[in-house]
Structures are given as structure tokens and as C-alpha cells.
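Inspection log for the structure reproduced underneath, given as C-alpha cells.
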Amino acid sequence: MTSRIDWVRANCRLLLAIAEEFAATQPFHGLTIGTGIHLEPKTVALLLTLKTGGARLVCTGNLNSTQPEAVEYLRANGVDVIGDRTTDEREHDRYLRQVLAAEPHLLLDNGGDLFARYLDHRYGQLLGGTEETTSGRMRLARLRSQLARPILVINDSPIKQFAENRHAVGQSVLESFLRITNRATNGRNVLVFGYGSVGRGIAASFRNAYASVAVVEPDPVLRLEASFDGFAVPERTTGLRQADIVITATGAQDVITEADLDVLRHRVVLINAGHFPAEIAVDRIVADARVTGRRDGPEGITTLELTNGREIHVLTGGHMVNLGGPRPLGNSIESMDLGFALQARCLEAVACGRTSPDDVLVPVPSWINALVAEAFLQLYPG
Ligand SMILES: NC(=O)c1ccc[n+]([C@@H]2O[C@H](COP(=O)([O-])OP(=O)(O)OC[C@H]3O[C@@H](n4cnc5c(N)ncnc54)[C@H](O)[C@@H]3O)[C@@H](O)[C@H]2O)c1
């Protein structure tokens, strides 16, 4: 029997094509790449592509997301993996420092963990690398002059913004709602907080699933865009009073709090799709005197009973819904194949000197976006 990792690898058409090319061109011959990114099936496909390009890999995961099957698979394929799944920040810090102790020539970072620690343990041969996230770019921005090496930011690519953040997250949040609750979306009132890339995709996916979708967004220009896209844009309390499903996608804190308890509808489902679990103040809601009972389960669903006789449901404890609940799959293979093709091409560009030392924390170069877009259109013909 083949594993899920084999299925993912076989479906990452861009990465497979890049691996074939890298096997001949060997862009990473003699180089070590240090990585600090989630160790799960899709990153396995990326890491093994880099290895085919001649790299020696020294890898660790991110806090609390390392999947044992991914570690086992990588080790069986000759990748040096440091540590296992941990929620302990000190242990995680030790793993990251062990990656840097190998003095990698290139770093593939997620959240700025490796580049920030590199400054405590500098060595001459670091050429540069990539940063996956906007939060990592913001964290590292104040260290720009000390880093002084090309670091290409994957999230700042239009391809990543529309393919993953908008389309793939929209689909996987809808998939997660259906999988966790087994309830229909048809005719339900859905209220989406935030109309950035993520909120936009969620609103569209639920509308496509026959829900009636409204958007709350403080930025008037984006609110106008939501309105032009055909969504209602009610004042937040009015929207909350009518909502059967509330989804936060803002990157902000305390979007839904105990102050909303009196207006929430009976049996409303509260869902967070934003990165941090602080968008819905679950702990404060649970501790509120108006909450008289709590039932946990089935997997991923918490039900709270209120003094006014209503019940509210919270999915996955307010953590990112598409990475929680039973058997979470995350975003689609195609979207990750695109994002990781950008990663592979950016690391190749740094390794081969196609970037300048001034490219510190810059977006993916437009020629790489064009290359990856052309390849996707060829390899996934419509
Ligand atoms: N679940 C996933 O797989 C996944 C994937 C990518 C990004 N994310 C996360 O989703 C979040 C949103 O990402 P994005 O790229 O759309 O961000 P963004 O900054 O482009 O958009 C967020 C929007 O929320 C609005 N907003 C802020 N506070 C608000 C409030 N209190 N009420 C209503 N709207 C508010 C902002 O005005 C902004 O327009 C981030 O936390 C991001 O890290 C999650």
C-alpha cells in the first residue's frame, strides 16, 4: 500500500518536473540547506526536490506541527531531521540552533525563526534563502542591515496570495466546516470578518455552497469591494444577530468576544481561519458568567450553554479550523505545489547568484512568478 506522502508527491506536478530538471542541473551541489518549516506530506515533496538538486538537508519542523510519518519518510530518504513534534518552545529553540550548527549555505525559514537565530551564531558561508510568511518578513525587517543577504519572501508573491490564501484556504475552510460539523451550508447566514485574501476566498466558497454570505470589514474600500462582489456588508452587531455561522479571517485579536454573547444566535457556529487563536476570545467567552455549561466533542466541536437558553458552538477551540478537527488535510495539493515551486526556484536563484545582496526580504522576483505560472498552465492543462 502506498502512503499519503506518496500520493502527495505523485500529485505535485510542478515539483516533480523541477526535480527532474534539478537532477541534471544540480543547483545545490555541495551546498547545505537548513530548513525550519512544518514537516508534513507537502513539505516532504519540496524537501526531496531540493535533495535531488544536490543539497544536503538539515531540517526541523515548526512548533507543534511535525508529523511523525513525515519525519520517518524523510529519514528513510537520507534527510537529516532534527527533533520530533514538540510544544515546548525551549526544546524547539534547541532544534533550530542545531540546524544552524550545521552552518547551512541556504536557509528555508517560516516565521523568521532561523534567520533571527543566525544573528546569534553567525558564520561566513550563509548565502541567503527564503522566508515563507508575512509575519516572518515583519519580524526580520528590523534586522535587515545585519542580515545583508538575499532573502526572498514567498508570501509576497501574487501567486501565493490568490492560489493559496484566497482560493485554497477558502476551499479548505468550507471543507473543514462540512467535515467537522456534517451540517449543510444551504440557505445558512454566514458572516465573514475580514475581506483580505483569506476572507475573500472564504466568502466566495460559502456562497458557492449556497449560503447567504455577509462581510464585516473596517476598511471602507474593501467593504465597497465586498459589496461590489455581491456580499451584504452589515454593521457588525446587525450581522451577528442574523448569523448562523461566523468566520474570522483578520489577523487581529478579539474580533469576537464575550461582549457579543447576548447578540449571538441560538446554535451559531464560531470558526477562526486566521493564523492566531486569539481572533475569537474563547477562554474569556468560556469563563463568562453567562456560560453555564460546556460540552466537548465530537472531535473539534465545543458547545457552550448560556443563561438565556441559547447554545453556541466553537470549532477547533478557535485555532485555525483547516488545520484542526479529525483528519485535517490543510490546503490543496495544487496550491502547495505552486507555493513550493516558488520556494524551489527562489532557493535555486540564491544558490546560483541570480539575486543581489540588496534583495533582503524582497518579494519573489517577477521572472520566477512568470516561470512558475507558465509551468503550472502547461502541467495542469485546463
Ligand atoms: N487558515 C489558513 O490556512 C491561512 C492561510 C493563510 C493565511 N492565514 C491567516 O489568515 C489571516 C488573514 O490573512 P489575509 O492574508 O487575508 O490578511 P489581510 O491583512 O490581507 O486581511 C485581513 C483583513 O481583516 C480586516 N480586519 C482587521 N480587523 C478586523 C476586525 N476586527 N473585524 C473585521 N475585519 C477586520 C483588515 O482590515 C483586513 O482587510 C491572517 O492571520 C493569516 O495569517 C490563514
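Labels used: A, B, ... for chains in the order of the C-alpha cells, numbers from 1 for residues in each chain, and numbers from 1 for ligands as shown.
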- Task: Go through the chains and note each residue within 6 Å of ligand 1, using only C-alpha atoms and all ligand atoms, then give the set as a ChimeraX atom specification.
- Result: /A:165,169,193-199,216-219,249-252,255,273-275,320,322
- Message: Quick one: residues within 10 Å of segment 13-27 of chain A, only C-alpha atoms, excluding same-chain residues fewer than 5 positions away - as a PyMOL selection string?
- Response: chain A and resi 8+45-55+333-334+336-342+344-345+347-352+372-373+375-376+378-380
- Could you pull out the residues in segment 190-368 of chain A that DSSP calls helix (DSSP H, G or I) from the backbone, as a PyMOL selection string? chain A and resi 197-208+220-228+236-242+258-260+282-287+316-318+321-323+333-351+366-368
- Given only C-alpha atoms as the counted atoms, nearest of A:Gly239, A:Gly297, A:Gly230, A:Gly187 to Arg200 of chain A: A:Gly230
- Which of these residues is nearest to Asp244 of chain A, using only C-alpha atoms: A:Val362, A:Leu152, A:Val190, A:Ile202? A:Val190
- Task: Find the residues near Ile154 of chain A: any atom within 6 Å, counting only C-alpha atoms, skip ones fewer than 2 places away on the same chain, and give them as JSON, numbers by chain.
- Result: {"A": [132, 156, 157, 364]}
- Task: For Gln242 of chain A, please output as a count of residues only all residues within 10 Å (counting only C-alpha atoms; exclusion window: fewer than 5 positions along the same chain).
- Result: 10
- Skipping near chain neighbours, those fewer than 6 positions away, what residues fall within 12 Å of Thr87 of chain A using only C-alpha atoms, listed as a PyMOL selection string? chain A and resi 61-66+93
- Item | Interatomic distance, atom CA of His266 of chain A to atom CA of Pro234 of chain A (Å, one decimal) | 19.5 Å
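Taking only C-alpha atoms, the non-local environment of Glu103 of chain A within 8 Å (same-chain residues fewer than 3 positions away omitted) comprises Thr32, Val99, Leu100, Tyr123, Gln125 and Leu126 of chain A.
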Closest atom pairs, segment 269-293 of chain A residues within 12 Å of segment 308-314 of chain A, only C-alpha atoms, as JSON lines:
{"residue": "A:Val269", "atom": "CA", "partner": "A:His313", "partner_atom": "CA", "distance": 4.7}
{"residue": "A:Leu270", "atom": "CA", "partner": "A:Val314", "partner_atom": "CA", "distance": 4.8}
{"residue": "A:Ile271", "atom": "CA", "partner": "A:Val314", "partner_atom": "CA", "distance": 6.3}
{"residue": "A:Asn272", "atom": "CA", "partner": "A:Val314", "partner_atom": "CA", "distance": 8.9}
{"residue": "A:Pro277", "atom": "CA", "partner": "A:Val314", "partner_atom": "CA", "distance": 11.8}
{"residue": "A:Ile280", "atom": "CA", "partner": "A:Val314", "partner_atom": "CA", "distance": 9.1}
{"residue": "A:Ala281", "atom": "CA", "partner": "A:Val314", "partner_atom": "CA", "distance": 10.7}
{"residue": "A:Val282", "atom": "CA", "partner": "A:Val314", "partner_atom": "CA", "distance": 8.1}
{"residue": "A:Asp283", "atom": "CA", "partner": "A:Val314", "partner_atom": "CA", "distance": 11.2}
{"residue": "A:Ile285", "atom": "CA", "partner": "A:Val314", "partner_atom": "CA", "distance": 10.3}
{"residue": "A:Val286", "atom": "CA", "partner": "A:Val314", "partner_atom": "CA", "distance": 10.3}
{"residue": "A:Ala289", "atom": "CA", "partner": "A:Asn308", "partner_atom": "CA", "distance": 11.5}
{"residue": "A:Arg290", "atom": "CA", "partner": "A:Asn308", "partner_atom": "CA", "distance": 7.8}
{"residue": "A:Val291", "atom": "CA", "partner": "A:Glu311", "partner_atom": "CA", "distance": 9.1}
{"residue": "A:Thr292", "atom": "CA", "partner": "A:Gly309", "partner_atom": "CA", "distance": 9.6}
{"residue": "A:Gly293", "atom": "CA", "partner": "A:Glu311", "partner_atom": "CA", "distance": 9.2}
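Residue neighbourhood of Gly300 of chain A, excluding near-sequence residues (fewer than 3 positions): A:Ile180, A:Asp296, A:Gly297, A:Leu315, A:Thr316, A:Gly317, A:Gly324, A:Gly325, A:Pro326, at 8 Å, using only C-alpha atoms.
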Can you tell me, as a compact mmCIF listing (two decimals) with N, CA and C atoms, in the first residue's frame, which residues in segment 234-379 of chain A count as strand (DSSP E) by DSSP?
# COMPACT_ATOMS: atom_id res chain seq x y z
N ILE A 245 -23.42 31.07 11.04
CA ILE A 245 -22.01 30.66 11.02
C ILE A 245 -21.18 31.95 10.97
N VAL A 246 -20.23 32.08 11.91
CA VAL A 246 -19.37 33.28 11.95
C VAL A 246 -17.94 32.82 11.72
N ILE A 247 -17.25 33.44 10.77
CA ILE A 247 -15.88 33.02 10.45
C ILE A 247 -14.95 34.23 10.52
N THR A 248 -13.89 34.14 11.35
CA THR A 248 -12.94 35.25 11.44
C THR A 248 -11.73 34.97 10.57
N VAL A 268 -25.38 29.17 16.91
CA VAL A 268 -24.39 29.74 15.98
C VAL A 268 -23.10 28.90 16.04
N VAL A 269 -22.41 28.79 14.91
CA VAL A 269 -21.11 28.09 14.88
C VAL A 269 -20.01 29.14 14.69
N LEU A 270 -19.07 29.18 15.64
CA LEU A 270 -17.98 30.16 15.57
C LEU A 270 -16.71 29.46 15.08
N ILE A 271 -16.09 30.07 14.05
CA ILE A 271 -14.94 29.45 13.39
C ILE A 271 -13.85 30.49 13.19
N ASN A 272 -12.60 30.12 13.46
CA ASN A 272 -11.49 31.01 13.12
C ASN A 272 -10.65 30.41 12.01
N VAL A 291 -22.09 31.85 30.72
CA VAL A 291 -21.91 30.48 30.20
C VAL A 291 -22.10 29.52 31.37
N THR A 292 -23.14 28.68 31.28
CA THR A 292 -23.48 27.82 32.42
C THR A 292 -23.06 26.36 32.20
N GLY A 293 -22.77 26.01 30.98
CA GLY A 293 -22.38 24.62 30.73
C GLY A 293 -21.48 24.52 29.52
N ARG A 294 -20.68 23.44 29.48
CA ARG A 294 -19.75 23.24 28.36
C ARG A 294 -19.72 21.75 28.02
N ARG A 295 -19.89 21.43 26.75
CA ARG A 295 -19.77 20.03 26.32
C ARG A 295 -18.70 19.97 25.24
N ASP A 296 -17.69 19.11 25.43
CA ASP A 296 -16.62 18.97 24.43
C ASP A 296 -16.86 17.73 23.59
N ILE A 301 -15.57 20.04 18.18
CA ILE A 301 -16.73 20.90 18.45
C ILE A 301 -16.90 21.07 19.96
N THR A 302 -16.94 22.33 20.40
CA THR A 302 -17.24 22.64 21.81
C THR A 302 -18.58 23.37 21.83
N THR A 303 -19.50 22.90 22.67
CA THR A 303 -20.80 23.55 22.78
C THR A 303 -20.91 24.23 24.14
N LEU A 304 -21.30 25.50 24.11
CA LEU A 304 -21.46 26.26 25.35
C LEU A 304 -22.94 26.57 25.56
N GLU A 305 -23.41 26.38 26.81
CA GLU A 305 -24.81 26.68 27.13
C GLU A 305 -24.84 28.02 27.85
N LEU A 306 -25.78 28.87 27.44
CA LEU A 306 -25.85 30.22 28.01
C LEU A 306 -27.08 30.36 28.90
N GLU A 311 -27.48 28.11 22.84
CA GLU A 311 -26.21 27.38 22.79
C GLU A 311 -25.36 27.99 21.69
N ILE A 312 -24.04 27.98 21.92
CA ILE A 312 -23.14 28.35 20.82
C ILE A 312 -22.09 27.25 20.65
N HIS A 313 -21.67 27.06 19.41
CA HIS A 313 -20.67 26.02 19.11
C HIS A 313 -19.38 26.71 18.66
N VAL A 314 -18.25 26.23 19.17
CA VAL A 314 -16.95 26.75 18.73
C VAL A 314 -16.18 25.59 18.11
N LEU A 315 -15.67 25.81 16.89
CA LEU A 315 -14.90 24.73 16.24
C LEU A 315 -13.41 24.85 16.55
N VAL A 360 17.24 41.94 0.31
CA VAL A 360 16.97 41.46 1.66
C VAL A 360 15.47 41.59 1.92
N LEU A 361 14.78 40.49 2.09
CA LEU A 361 13.34 40.48 2.39
C LEU A 361 12.53 41.14 1.26
N VAL A 362 12.82 40.75 0.05
CA VAL A 362 12.08 41.27 -1.10
C VAL A 362 11.08 40.21 -1.59
N PRO A 363 10.04 40.64 -2.30
CA PRO A 363 9.09 39.66 -2.84
C PRO A 363 9.76 38.74 -3.87
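If you measure from each of A:Glu258, A:Glu164, A:Asp109, A:Asp80 to Gly201 of chain A using only C-alpha atoms, the closest one turns out to be A:Glu164.
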- Message: Using Å and a single decimal, report how far atom CA of Leu143 of chain A sits from atom CA of Leu106 of chain A.
- Response: 17.5 Å
